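Okay, coords.cif now, which holds mmCIF, C-alpha atoms:
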data_run
#
loop_
_atom_site.label_atom_id
_atom_site.label_comp_id
_atom_site.auth_asym_id
_atom_site.auth_seq_id
_atom_site.Cartn_x
_atom_site.Cartn_y
_atom_site.Cartn_z
CA MET A 1 129.13 -60.66 -34.64
CA PHE A 2 125.38 -61.01 -34.16
CA ILE A 3 125.59 -64.75 -34.85
CA CYS A 4 128.16 -65.18 -32.06
CA LYS A 5 126.07 -63.10 -29.67
CA ALA A 6 122.96 -65.05 -30.58
CA GLU A 7 124.71 -68.38 -30.02
CA GLU A 8 125.94 -67.23 -26.61
CA ALA A 9 122.52 -65.90 -25.61
CA ILE A 10 120.73 -69.07 -26.78
CA THR A 11 123.22 -71.33 -24.97
CA SER A 12 122.99 -69.31 -21.76
CA HIS A 13 119.21 -69.17 -22.02
CA ALA A 14 118.98 -72.93 -22.37
CA LYS A 15 121.42 -73.46 -19.50
CA HIS A 16 119.63 -71.14 -17.06
CA MET A 17 116.22 -72.44 -18.13
CA LYS A 18 117.36 -76.00 -17.36
CA VAL A 19 118.68 -74.89 -13.96
CA PHE A 20 115.46 -73.08 -13.16
CA GLU A 21 113.21 -75.92 -14.36
CA ASP A 22 115.13 -78.49 -12.31
CA PHE A 23 115.07 -76.26 -9.24
CA ASN A 24 111.38 -75.45 -9.71
CA ALA A 25 110.48 -79.13 -10.11
CA ALA A 26 112.30 -80.04 -6.88
CA LEU A 27 110.24 -77.60 -4.78
CA PRO A 28 106.65 -78.01 -3.54
CA THR A 29 104.11 -76.79 -6.09
CA GLU A 30 102.14 -74.75 -3.56
CA ASP A 31 105.29 -72.84 -2.54
CA THR A 32 106.37 -72.02 -6.10
CA ALA A 33 102.84 -70.96 -7.04
CA GLU A 34 102.70 -68.57 -4.08
CA TRP A 35 106.18 -67.19 -4.84
CA LEU A 36 105.22 -66.68 -8.49
CA ARG A 37 102.12 -64.74 -7.48
CA LEU A 38 104.07 -62.54 -5.07
CA VAL A 39 107.02 -61.87 -7.38
CA GLU A 40 104.72 -60.94 -10.27
CA ALA A 41 102.85 -58.56 -7.97
CA TRP A 42 106.20 -56.99 -6.99
CA GLU A 43 107.20 -56.67 -10.67
CA ARG A 44 103.97 -54.80 -11.39
CA ASP A 45 104.15 -52.65 -8.27
CA GLY A 46 107.48 -51.93 -6.58
CA LYS A 47 105.68 -51.11 -3.32
CA GLN A 48 104.72 -54.76 -2.87
CA PRO A 49 106.92 -57.04 -0.67
CA ASN A 50 110.27 -57.81 -2.28
CA LEU A 51 110.88 -61.57 -2.38
CA PHE A 52 114.62 -61.04 -2.93
CA ALA A 53 114.99 -59.42 0.51
CA THR A 54 115.74 -61.45 3.64
CA LYS A 55 113.39 -61.29 6.58
CA VAL A 56 114.56 -64.13 8.82
CA GLN A 57 116.67 -62.94 11.73
CA LYS A 58 120.37 -63.50 11.16
CA ILE A 59 122.30 -65.72 13.55
CA SER A 60 125.46 -64.93 15.44
CA GLU A 61 127.59 -66.62 18.04
CA ASN A 62 125.90 -64.63 20.81
CA ALA A 63 122.46 -65.55 19.47
CA VAL A 64 123.40 -69.24 19.46
CA ARG A 65 124.71 -69.03 23.02
CA LEU A 66 121.48 -67.34 24.10
CA LYS A 67 119.42 -70.07 22.45
CA MET A 68 121.46 -72.81 24.12
CA ALA A 69 121.09 -71.07 27.49
CA GLU A 70 117.32 -70.94 27.00
CA GLU A 71 117.29 -74.65 26.18
CA ASP A 72 119.30 -75.39 29.33
CA ALA A 73 116.83 -73.36 31.39
CA ALA A 74 113.87 -75.20 29.88
CA GLN A 75 115.46 -78.59 30.58
CA LEU A 76 116.20 -77.60 34.18
CA TRP A 77 112.64 -76.39 34.64
CA GLU A 78 111.23 -79.66 33.33
CA ASN A 79 113.80 -81.78 35.24
CA LEU A 80 115.10 -83.28 32.00
CA THR A 81 118.76 -82.88 32.95
CA THR A 82 120.93 -83.18 36.05
CA THR A 83 123.02 -80.20 37.12
CA ILE A 84 126.62 -81.21 37.80
CA HIS A 85 127.93 -77.69 38.42
CA GLU A 86 125.71 -74.98 39.81
CA ASP A 87 127.34 -72.12 37.88
CA VAL A 88 128.36 -73.69 34.56
CA SER A 89 125.92 -75.59 32.35
CA PRO A 90 127.03 -77.94 29.53
CA SER A 91 126.44 -75.28 26.87
CA GLN A 92 128.39 -72.72 28.89
CA LEU A 93 131.24 -75.19 29.29
CA ILE A 94 131.63 -75.59 25.52
CA ALA A 95 131.18 -71.87 24.82
CA GLN A 96 133.77 -70.91 27.45
CA GLY A 97 136.18 -73.56 26.16
CA LEU A 98 135.98 -72.19 22.62
CA GLU A 99 136.49 -68.68 23.97
CA LEU A 100 139.60 -69.80 25.87
CA GLU A 101 140.85 -71.49 22.70
CA ASP A 102 140.51 -68.16 20.83
CA HIS A 103 142.43 -66.40 23.61
CA GLN A 104 145.21 -68.98 23.28
CA HIS A 105 145.44 -68.31 19.55
CA ILE A 106 145.54 -64.52 20.04
CA LEU A 107 148.21 -64.84 22.73
CA LYS A 108 150.28 -67.05 20.45
CA VAL A 109 150.07 -64.54 17.60
CA ASN A 110 151.01 -61.64 19.89
CA THR A 111 153.92 -63.59 21.32
CA LYS A 112 155.28 -64.26 17.82
CA ALA A 113 154.91 -60.55 17.03
CA LEU A 114 157.51 -59.69 19.68
CA GLY A 115 160.79 -58.91 17.99
CA PRO A 116 164.39 -58.57 19.17
CA HIS A 117 163.80 -54.87 19.83
CA SER A 118 160.68 -55.29 21.97
CA THR A 119 160.85 -53.61 25.36
CA ASP A 120 160.79 -55.31 28.73
CA LEU A 121 157.36 -53.78 29.36
CA GLN A 122 155.96 -55.45 26.24
CA HIS A 123 157.41 -58.81 27.25
CA SER A 124 156.05 -58.46 30.79
CA LYS A 125 152.55 -57.67 29.56
CA ILE A 126 152.53 -60.78 27.36
CA ILE A 127 153.72 -62.94 30.27
CA GLU A 128 151.09 -61.45 32.60
CA ARG A 129 148.36 -62.12 30.04
CA GLY A 130 149.58 -65.69 29.74
CA ASN A 131 149.50 -66.13 33.53
CA ARG A 132 145.93 -64.86 33.78
CA LEU A 133 144.82 -67.04 30.91
CA PHE A 134 146.52 -70.08 32.45
CA GLN A 135 144.57 -69.58 35.69
CA LYS A 136 141.31 -69.35 33.74
CA ILE A 137 142.15 -72.53 31.83
CA GLU A 138 142.96 -74.39 35.07
CA ALA A 139 139.62 -73.34 36.57
CA TRP A 140 137.78 -74.35 33.39
CA ILE A 141 139.47 -77.76 33.21
CA SER A 142 138.47 -78.47 36.81
CA ILE A 143 134.83 -78.02 35.78
CA GLN A 144 135.35 -79.94 32.54
CA MET A 145 136.51 -82.98 34.52
CA LEU A 146 133.11 -83.06 36.25
CA TYR A 147 131.28 -83.37 32.94
CA ILE A 148 133.91 -85.47 31.12
CA PRO A 149 135.88 -87.48 33.73
CA GLN A 150 138.09 -89.08 31.06
CA VAL A 151 139.76 -85.69 30.56
CA ALA A 152 141.52 -86.12 33.92
CA ILE A 153 143.44 -89.11 32.54
CA LEU A 154 144.46 -87.16 29.44
CA CYS A 155 145.62 -84.16 31.51
CA THR A 156 147.67 -86.43 33.77
CA ARG A 157 149.29 -87.99 30.71
CA ASP A 158 150.15 -84.53 29.36
CA ASP A 159 151.66 -83.51 32.70
CA ARG A 160 153.93 -86.55 32.70
CA ALA A 161 154.97 -86.04 29.10
CA GLY A 162 155.91 -82.39 29.72
CA SER A 163 157.29 -82.69 33.23
CA ASP A 164 160.78 -81.66 32.11
CA LYS A 165 159.58 -78.49 30.34
CA LEU A 166 158.16 -75.21 31.52
CA PRO A 167 154.39 -75.08 30.94
CA SER A 168 153.19 -72.83 28.10
CA THR A 169 149.69 -71.38 28.19
CA THR A 170 149.31 -71.55 24.42
CA ASN A 171 150.13 -75.29 24.37
CA VAL A 172 147.66 -76.43 27.03
CA ASN A 173 145.24 -78.97 25.53
CA LEU A 174 141.62 -78.10 26.32
CA TYR A 175 140.26 -81.42 25.01
CA LEU A 176 137.07 -80.05 23.54
CA PRO A 177 134.82 -82.58 21.76
CA LEU A 178 136.53 -81.81 18.45
CA ALA A 179 139.96 -82.74 19.85
CA LEU A 180 138.56 -85.90 21.42
CA LEU A 181 136.94 -86.93 18.13
CA SER A 182 140.14 -86.24 16.19
CA GLN A 183 142.07 -88.57 18.49
CA GLY A 184 139.33 -91.21 18.55
CA LEU A 185 138.78 -90.70 22.30
CA MET A 186 135.18 -89.43 22.25
CA THR A 187 133.36 -90.89 25.23
CA CYS A 188 131.33 -87.90 26.47
CA ASN A 189 127.69 -87.04 25.93
CA ILE A 190 126.67 -86.40 22.31
CA LYS A 191 125.12 -83.16 23.51
CA PHE A 192 128.59 -81.62 23.89
CA VAL A 193 129.34 -82.37 20.24
CA GLU A 194 126.05 -80.78 19.24
CA TYR A 195 126.83 -77.64 21.22
CA GLU A 196 130.27 -77.25 19.67
CA PHE A 197 128.86 -77.78 16.18
CA ARG A 198 126.25 -75.06 16.68
CA VAL A 199 128.80 -72.57 17.99
CA HIS A 200 131.20 -73.29 15.11
CA TYR A 201 128.32 -72.97 12.64
CA ALA A 202 127.57 -69.47 13.94
CA GLN A 203 131.27 -68.60 13.98
CA ALA A 204 131.61 -69.59 10.33
CA HIS A 205 128.87 -67.15 9.35
CA SER A 206 130.40 -64.39 11.44
CA VAL A 207 133.80 -64.94 9.85
CA LEU A 208 132.27 -64.95 6.36
CA HIS A 209 130.59 -61.65 7.15
CA THR A 210 133.95 -60.27 8.28
CA ILE A 211 135.56 -61.43 5.02
CA GLN A 212 132.79 -59.84 2.96
CA ARG A 213 133.16 -56.51 4.73
CA GLY A 214 136.94 -56.65 4.37
CA VAL A 215 136.78 -57.42 0.65
CA LEU A 216 134.29 -54.60 0.03
CA LEU A 217 136.41 -52.17 2.04
CA CYS A 218 139.61 -53.20 0.27
CA SER A 219 137.94 -52.89 -3.14
CA GLN A 220 136.67 -49.41 -2.31
CA MET A 221 140.10 -48.35 -1.03
CA TRP A 222 141.76 -49.51 -4.25
CA LYS A 223 139.21 -47.63 -6.37
CA SER A 224 139.64 -44.47 -4.31
CA LYS A 225 143.40 -44.79 -4.57
CA ASP A 226 143.28 -45.13 -8.36
CA LYS A 227 140.92 -42.18 -8.84
CA LEU A 228 141.88 -39.66 -6.17
CA ILE A 229 145.51 -40.22 -5.13
CA CYS A 230 148.56 -39.15 -7.07
CA GLY A 231 152.17 -38.80 -6.07
CA GLN A 232 154.55 -41.24 -4.40
CA ARG A 233 154.06 -39.95 -0.85
CA LEU A 234 150.27 -40.26 -0.91
CA HIS A 235 150.48 -43.66 -2.57
CA MET A 236 152.81 -44.91 0.14
CA CYS A 237 150.52 -43.55 2.87
CA SER A 238 147.45 -45.22 1.33
CA HIS A 239 149.27 -48.52 0.89
CA ALA A 240 149.48 -49.25 4.65
CA PRO A 241 145.70 -49.38 5.37
CA ILE A 242 145.14 -51.52 2.28
CA MET A 243 147.78 -53.99 3.46
CA ASN A 244 146.27 -54.02 6.97
CA THR A 245 142.84 -54.79 5.52
CA THR A 246 144.31 -57.51 3.30
CA SER A 247 146.03 -59.03 6.34
CA CYS A 248 142.73 -59.08 8.24
CA ILE A 249 141.06 -60.82 5.28
CA THR A 250 143.82 -63.43 5.16
CA THR A 251 143.56 -64.07 8.91
CA ALA A 252 139.78 -64.39 8.73
CA ALA A 253 140.04 -66.74 5.75
CA GLN A 254 142.46 -68.98 7.66
CA LYS A 255 140.12 -69.00 10.64
CA TYR A 256 137.20 -69.96 8.40
CA LYS A 257 139.18 -72.88 6.96
CA GLU A 258 139.84 -74.14 10.49
CA ILE A 259 136.17 -73.78 11.45
CA GLN A 260 135.03 -75.48 8.25
CA ALA A 261 137.37 -78.41 8.94
CA ALA A 262 136.02 -78.63 12.49
CA LEU A 263 132.44 -78.64 11.20
CA ALA A 264 133.32 -81.48 8.83
CA ILE A 265 134.48 -83.69 11.72
CA LEU A 266 131.66 -82.74 14.08
CA GLY A 267 129.02 -82.93 11.35
CA ALA A 268 130.15 -86.42 10.31
CA HIS A 269 129.87 -87.62 13.92
CA LEU A 270 126.40 -86.08 14.31
CA GLY A 271 125.15 -87.14 10.89
CA LYS A 272 124.56 -83.54 9.79
CA VAL A 273 123.93 -83.08 6.07
CA GLY A 274 123.46 -80.02 3.89
CA TRP A 275 125.56 -77.56 5.85
CA ASP A 276 128.58 -78.05 3.55
CA LEU A 277 126.53 -76.93 0.54
CA GLU A 278 126.29 -73.51 2.17
CA LEU A 279 129.60 -73.33 4.04
CA GLN A 280 131.89 -74.57 1.28
CA ALA A 281 135.64 -74.96 1.27
CA MET A 282 137.31 -71.59 0.71
CA THR A 283 140.02 -70.96 -1.87
CA GLU A 284 142.25 -67.95 -2.38
CA GLU A 285 140.15 -66.78 -5.34
CA ASP A 286 137.07 -66.47 -3.11
CA THR A 287 138.64 -63.54 -1.23
CA TRP A 288 139.78 -61.61 -4.31
CA GLY A 289 136.55 -59.71 -4.90
CA ILE A 290 132.84 -59.96 -5.57
CA THR A 291 133.30 -61.14 -9.15
CA ALA A 292 136.64 -62.93 -8.82
CA ASP A 293 138.67 -60.45 -10.88
CA GLU A 294 136.11 -60.16 -13.67
CA ASP A 295 135.42 -56.43 -13.40
CA ASN A 296 135.85 -55.97 -17.15
CA LEU A 297 132.98 -58.33 -17.95
CA SER A 298 129.33 -57.36 -18.13
CA GLU A 299 126.86 -58.28 -15.41
CA GLY A 300 125.47 -61.27 -17.29
CA ARG A 301 128.90 -62.85 -17.74
CA GLN A 302 130.42 -62.32 -14.31
CA SER A 303 130.75 -65.32 -12.00
CA VAL A 304 130.10 -64.42 -8.37
CA SER A 305 132.04 -66.26 -5.69
CA TRP A 306 129.98 -68.52 -3.43
CA ILE A 307 130.75 -66.46 -0.31
CA TRP A 308 128.46 -63.71 -1.64
CA LYS A 309 125.63 -66.20 -2.07
CA VAL A 310 125.66 -67.16 1.61
CA ASP A 311 122.90 -65.18 3.26
CA ASN A 312 125.14 -63.43 5.83
CA GLY A 313 124.43 -65.79 8.66
CA VAL A 314 120.80 -66.77 8.21
CA ASP A 315 120.31 -70.03 10.00
CA THR A 316 119.40 -72.16 6.99
CA MET A 317 119.26 -75.22 9.22
CA ASP A 318 116.15 -73.66 10.74
CA THR A 319 112.80 -74.20 8.97
CA LYS A 320 112.15 -70.51 8.33
CA GLY A 321 115.72 -69.99 7.23
CA LYS A 322 115.50 -72.87 4.76
CA GLN A 323 112.21 -71.56 3.36
CA GLU A 324 113.60 -68.07 2.86
CA ALA A 325 116.87 -69.30 1.35
CA LEU A 326 114.98 -71.48 -1.13
CA ARG A 327 112.64 -68.62 -2.02
CA ILE A 328 115.50 -66.22 -2.72
CA GLU A 329 117.43 -68.77 -4.80
CA TRP A 330 114.23 -69.57 -6.74
CA CYS A 331 113.71 -65.86 -7.49
CA LYS A 332 117.34 -65.49 -8.59
CA ALA A 333 117.13 -68.52 -10.89
CA ARG A 334 113.90 -67.19 -12.40
CA ALA A 335 115.41 -63.73 -12.91
CA GLN A 336 118.47 -65.17 -14.65
CA ALA A 337 116.29 -67.22 -17.00
CA HIS A 338 114.23 -64.10 -17.77
CA GLN A 339 117.37 -62.07 -18.38
CA TRP A 340 118.68 -64.40 -21.07
CA ALA A 341 115.22 -64.84 -22.61
CA GLU A 342 115.03 -61.06 -22.95
CA GLU A 343 118.55 -61.03 -24.41
CA CYS A 344 117.45 -63.48 -27.12
CA LEU A 345 114.45 -61.31 -28.00
CA LEU A 346 116.55 -58.14 -28.12
CA LEU A 347 119.18 -59.76 -30.33
CA GLU A 348 116.54 -61.07 -32.71
CA GLU A 349 114.97 -57.61 -32.97
CA GLU A 350 118.39 -55.99 -33.41
CA MET A 351 119.24 -58.41 -36.21
CA TRP A 352 115.97 -57.59 -37.98
CA GLN A 353 116.75 -53.88 -37.62
CA VAL A 354 120.13 -54.49 -39.30
CA VAL A 355 118.37 -56.27 -42.19
CA LEU A 356 115.96 -53.37 -42.59
CA PHE A 357 118.86 -50.89 -42.48
CA PHE A 358 120.82 -52.64 -45.25
CA GLY A 359 117.60 -53.09 -47.23
CA HIS A 360 116.96 -49.35 -47.00
CA LYS A 361 120.54 -48.59 -48.06
CA GLN A 362 120.23 -50.99 -51.00
CA ALA A 363 116.99 -49.33 -52.11
CA CYS A 364 118.64 -45.91 -51.92
CA TRP A 365 121.57 -47.00 -54.08
CA LEU A 366 119.23 -48.70 -56.60
CA GLU A 367 117.25 -45.47 -56.84
CA LEU A 368 120.46 -43.58 -57.53
CA ALA A 369 121.48 -46.21 -60.11
CA SER A 370 118.20 -45.76 -62.01
CA SER A 371 118.39 -41.97 -61.95
CA VAL A 372 119.11 -39.94 -65.09
CA TYR A 373 122.14 -37.62 -64.84
CA CYS A 374 121.52 -34.85 -67.38
CA HIS A 375 124.17 -32.42 -66.18
CA VAL A 376 127.13 -34.73 -66.94
CA ASP A 377 128.47 -36.42 -70.03
CA LYS A 378 127.76 -40.03 -70.96
CA VAL A 379 131.04 -41.45 -69.61
CA THR A 380 130.55 -39.83 -66.18
CA SER A 381 126.88 -40.90 -66.14
CA ASP A 382 127.85 -44.51 -66.87
CA GLY A 383 130.41 -44.35 -64.09
CA LEU A 384 127.87 -43.04 -61.59
CA HIS A 385 125.40 -45.77 -62.59
CA ALA A 386 128.10 -48.43 -62.20
CA TYR A 387 129.19 -47.11 -58.78
CA ALA A 388 125.59 -46.97 -57.46
CA THR A 389 124.87 -50.47 -58.79
CA ARG A 390 128.06 -51.77 -57.17
CA GLN A 391 127.11 -50.26 -53.80
CA ALA A 392 123.60 -51.73 -54.05
CA ASN A 393 125.04 -55.16 -54.76
CA LEU A 394 127.34 -54.87 -51.75
CA GLN A 395 124.34 -54.56 -49.41
CA GLY A 396 122.85 -57.82 -50.65
CA PRO A 397 125.28 -60.28 -48.95
CA TRP A 398 124.81 -58.46 -45.64
CA ILE A 399 121.03 -58.86 -45.91
CA ILE A 400 121.30 -62.56 -46.78
CA HIS A 401 123.84 -63.15 -44.00
CA GLN A 402 121.64 -61.49 -41.39
CA GLU A 403 118.46 -63.25 -42.59
CA VAL A 404 120.20 -66.64 -42.45
CA GLY A 405 121.49 -65.82 -38.99
CA ILE A 406 118.02 -64.88 -37.79
CA LYS A 407 116.51 -68.08 -39.16
CA VAL A 408 119.23 -70.17 -37.53
CA ALA A 409 118.77 -68.34 -34.25
CA ILE A 410 115.01 -68.80 -34.34
CA LEU A 411 115.33 -72.51 -35.12
CA ARG A 412 117.86 -73.05 -32.31
CA ALA A 413 115.95 -70.94 -29.77
CA LYS A 414 112.97 -73.22 -29.42
CA ASN A 415 113.06 -73.10 -25.66
CA PRO A 416 109.95 -72.38 -23.61
CA ASN A 417 109.88 -68.97 -21.99
CA PRO A 418 110.40 -68.94 -18.21
CA ILE A 419 107.37 -68.51 -16.03
#

As structure tokens, how would this structure be written, given the file I've shared?
Amino acid sequence: MFICKAEEAITSHAKHMKVFEDFNAALPTEDTAEWLRLVEAWERDGKQPNLFATKVQKISENAVRLKMAEEDAAQLWENLTTTIHEDVSPSQLIAQGLELEDHQHILKVNTKALGPHSTDLQHSKIIERGNRLFQKIEAWISIQMLYIPQVAILCTRDDRAGSDKLPSTTNVNLYLPLALLSQGLMTCNIKFVEYEFRVHYAQAHSVLHTIQRGVLLCSQMWKSKDKLICGQRLHMCSHAPIMNTTSCITTAAQKYKEIQAALAILGAHLGKVGWDLELQAMTEEDTWGITADEDNLSEGRQSVSWIWKVDNGVDTMDTKGKQEALRIEWCKARAQAHQWAEECLLLEEEMWQVVLFFGHKQACWLELASSVYCHVDKVTSDGLHAYATRQANLQGPWIIHQEVGIKVAILRAKNPNPI
């Protein structure tokens, strides 16, 4: 048993040491030296700054829109851009278009939710919402044609193609930069593509945060249900909120997949690199739980899904965000290497304690075997001597086995300790 544990600990130690050494070698020496000084100070005194904690302000869609508005204001102040519309800037155009696109999706979902038993009032409200949204889209497209004149040709083509059908608000093409790129019709300013990429980048982080909160909530609800609820009626009542939360997670995951696919197209056109290492493709297993259904495993053996390693929306494309993300990952890699190094030391000590225990037991049985039994006859005394000698001999193979295991473990564990 100890040999298997030692082999696992040595293998994991070597693996995490290699990861840490490669990561440490790829970073600037002055940064790693400063991080090492700070993290050692924190290990000695918990009141010191914690290098595992995030300090960079997290991004959101509203924060990105504010930053783009500030950039527009600065360009207008310095006469670096020409205003085509006095009320809507290029960044506002893209942000409003994405917002209208979300409203189209919500309206489409609500329309599908109407069943055969829906009332006339419910149908009328959906139609009224669609009418209001259609008017907003028409007004937005009229401004879009000022910035991207080629859209007028595409809208005219759509009108001719659907002249024999009633217009549907949810099917109106907005022709955002992503749609133009997908059809190979991109002829507008590259700045529009940049704006849409930045908004989608913030949206991806917001959706990931929503998924994380949903998974945590669903996990807590399941645990509370297992521990506190009994009886069919209570189980049925608690099942509905769990299913609602699961549905929200599924919807958010689907939205993230769409955003991630959009970022792939926009990022390829802009030449963006590195974002896909953080915002990876999502699978069904990523939304199961923090440890991907490995709750029965210990902390050192659990594999955490990548969505929990994303720093909840920190703008890692920013310099400060990159520096903080690298620092936290460096600290985590160092801690993992230390964890398995400590595991190797503890196993080695535990194996030596087992050797000492069996050695003590063997000495006790040998002492009993050499004792003189005066109160019994010769046959019984010989039997007692034989039994004690047999027990002493049984401890010997255990001692040899453990000593060999320790020597093998020591020979195979010639890895340098992590810094």

Worksheet entry | For A:Ser168, the nearest of the candidates A:His16, A:His360, A:Arg129, A:His205, counting only C-alpha atoms |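 Of all the options, A:Arg129 lies closest to A:Ser168.
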
Worksheet entry | 12 Å contact set for stretch 176-186 of chain A, only C-alpha atoms, chain neighbours under 6 positions out, as number ranges by chain | A: 90, 93-101, 140-141, 144-145, 147-151, 153-154, 192-197, 200, 258-259, 261-270

Worksheet item: the PyMOL selection byres ((chain A and resi 248) around 12) on the file shown: which residues, as a list in words?
Response: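 Applying the expression gives Val207, Thr210, Ile211, Gln212, Arg213, Gly214, Val215, Leu217, Cys218, Pro241, Ile242, Met243, Asn244, Thr245, Thr246, Ser247, Ile249, Thr250, Thr251, Ala252, Ala253, Gln254, Lys255 and Thr287 of chain A.
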
Could you please take those selected residues and save C-alpha atoms as a PDB file, in the frame of the given file?
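Listed below is the output, out-v6.pdb:
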ATOM      1  CA  VAL A 207     133.800 -64.940   9.850  1.00  0.00           C
ATOM      2  CA  THR A 210     133.950 -60.270   8.280  1.00  0.00           C
ATOM      3  CA  ILE A 211     135.560 -61.430   5.020  1.00  0.00           C
ATOM      4  CA  GLN A 212     132.790 -59.840   2.960  1.00  0.00           C
ATOM      5  CA  ARG A 213     133.160 -56.510   4.730  1.00  0.00           C
ATOM      6  CA  GLY A 214     136.940 -56.650   4.370  1.00  0.00           C
ATOM      7  CA  VAL A 215     136.780 -57.420   0.650  1.00  0.00           C
ATOM      8  CA  LEU A 217     136.410 -52.170   2.040  1.00  0.00           C
ATOM      9  CA  CYS A 218     139.610 -53.200   0.270  1.00  0.00           C
ATOM     10  CA  PRO A 241     145.700 -49.380   5.370  1.00  0.00           C
ATOM     11  CA  ILE A 242     145.140 -51.520   2.280  1.00  0.00           C
ATOM     12  CA  MET A 243     147.780 -53.990   3.460  1.00  0.00           C
ATOM     13  CA  ASN A 244     146.270 -54.020   6.970  1.00  0.00           C
ATOM     14  CA  THR A 245     142.840 -54.790   5.520  1.00  0.00           C
ATOM     15  CA  THR A 246     144.310 -57.510   3.300  1.00  0.00           C
ATOM     16  CA  SER A 247     146.030 -59.030   6.340  1.00  0.00           C
ATOM     17  CA  ILE A 249     141.060 -60.820   5.280  1.00  0.00           C
ATOM     18  CA  THR A 250     143.820 -63.430   5.160  1.00  0.00           C
ATOM     19  CA  THR A 251     143.560 -64.070   8.910  1.00  0.00           C
ATOM     20  CA  ALA A 252     139.780 -64.390   8.730  1.00  0.00           C
ATOM     21  CA  ALA A 253     140.040 -66.740   5.750  1.00  0.00           C
ATOM     22  CA  GLN A 254     142.460 -68.980   7.660  1.00  0.00           C
ATOM     23  CA  LYS A 255     140.120 -69.000  10.640  1.00  0.00           C
ATOM     24  CA  THR A 287     138.640 -63.540  -1.230  1.00  0.00           C
TER      25      THR A 287
END

Worksheet item: Could you state the separation of atom CA of A:Val64 and atom CA of A:Val199 in Å, given to one decimal place?
Response: 6.5 Å

Discussion item. Rounded to one decimal, what separation in Å do you get between atom CA of A:Gln339 and atom CA of A:Trp288?
Written reply: 26.5 Å

Residues matched by the PyMOL selection byres ((chain A and resi 107-124) around 12), written as a JSON list (two decimals) with C-alpha atoms, in the coordinates of the input:
[["chain", "number", "residue", "atom", "x", "y", "z"],
["A", 100, "LEU", "CA", 139.60, -69.80, 25.87],
["A", 101, "GLU", "CA", 140.85, -71.49, 22.70],
["A", 102, "ASP", "CA", 140.51, -68.16, 20.83],
["A", 103, "HIS", "CA", 142.43, -66.40, 23.61],
["A", 104, "GLN", "CA", 145.21, -68.98, 23.28],
["A", 105, "HIS", "CA", 145.44, -68.31, 19.55],
["A", 106, "ILE", "CA", 145.54, -64.52, 20.04],
["A", 125, "LYS", "CA", 152.55, -57.67, 29.56],
["A", 126, "ILE", "CA", 152.53, -60.78, 27.36],
["A", 127, "ILE", "CA", 153.72, -62.94, 30.27],
["A", 128, "GLU", "CA", 151.09, -61.45, 32.60],
["A", 129, "ARG", "CA", 148.36, -62.12, 30.04],
["A", 130, "GLY", "CA", 149.58, -65.69, 29.74],
["A", 131, "ASN", "CA", 149.50, -66.13, 33.53],
["A", 132, "ARG", "CA", 145.93, -64.86, 33.78],
["A", 133, "LEU", "CA", 144.82, -67.04, 30.91],
["A", 134, "PHE", "CA", 146.52, -70.08, 32.45],
["A", 168, "SER", "CA", 153.19, -72.83, 28.10],
["A", 169, "THR", "CA", 149.69, -71.38, 28.19],
["A", 170, "THR", "CA", 149.31, -71.55, 24.42],
["A", 171, "ASN", "CA", 150.13, -75.29, 24.37],
["A", 172, "VAL", "CA", 147.66, -76.43, 27.03],
["A", 251, "THR", "CA", 143.56, -64.07, 8.91]]
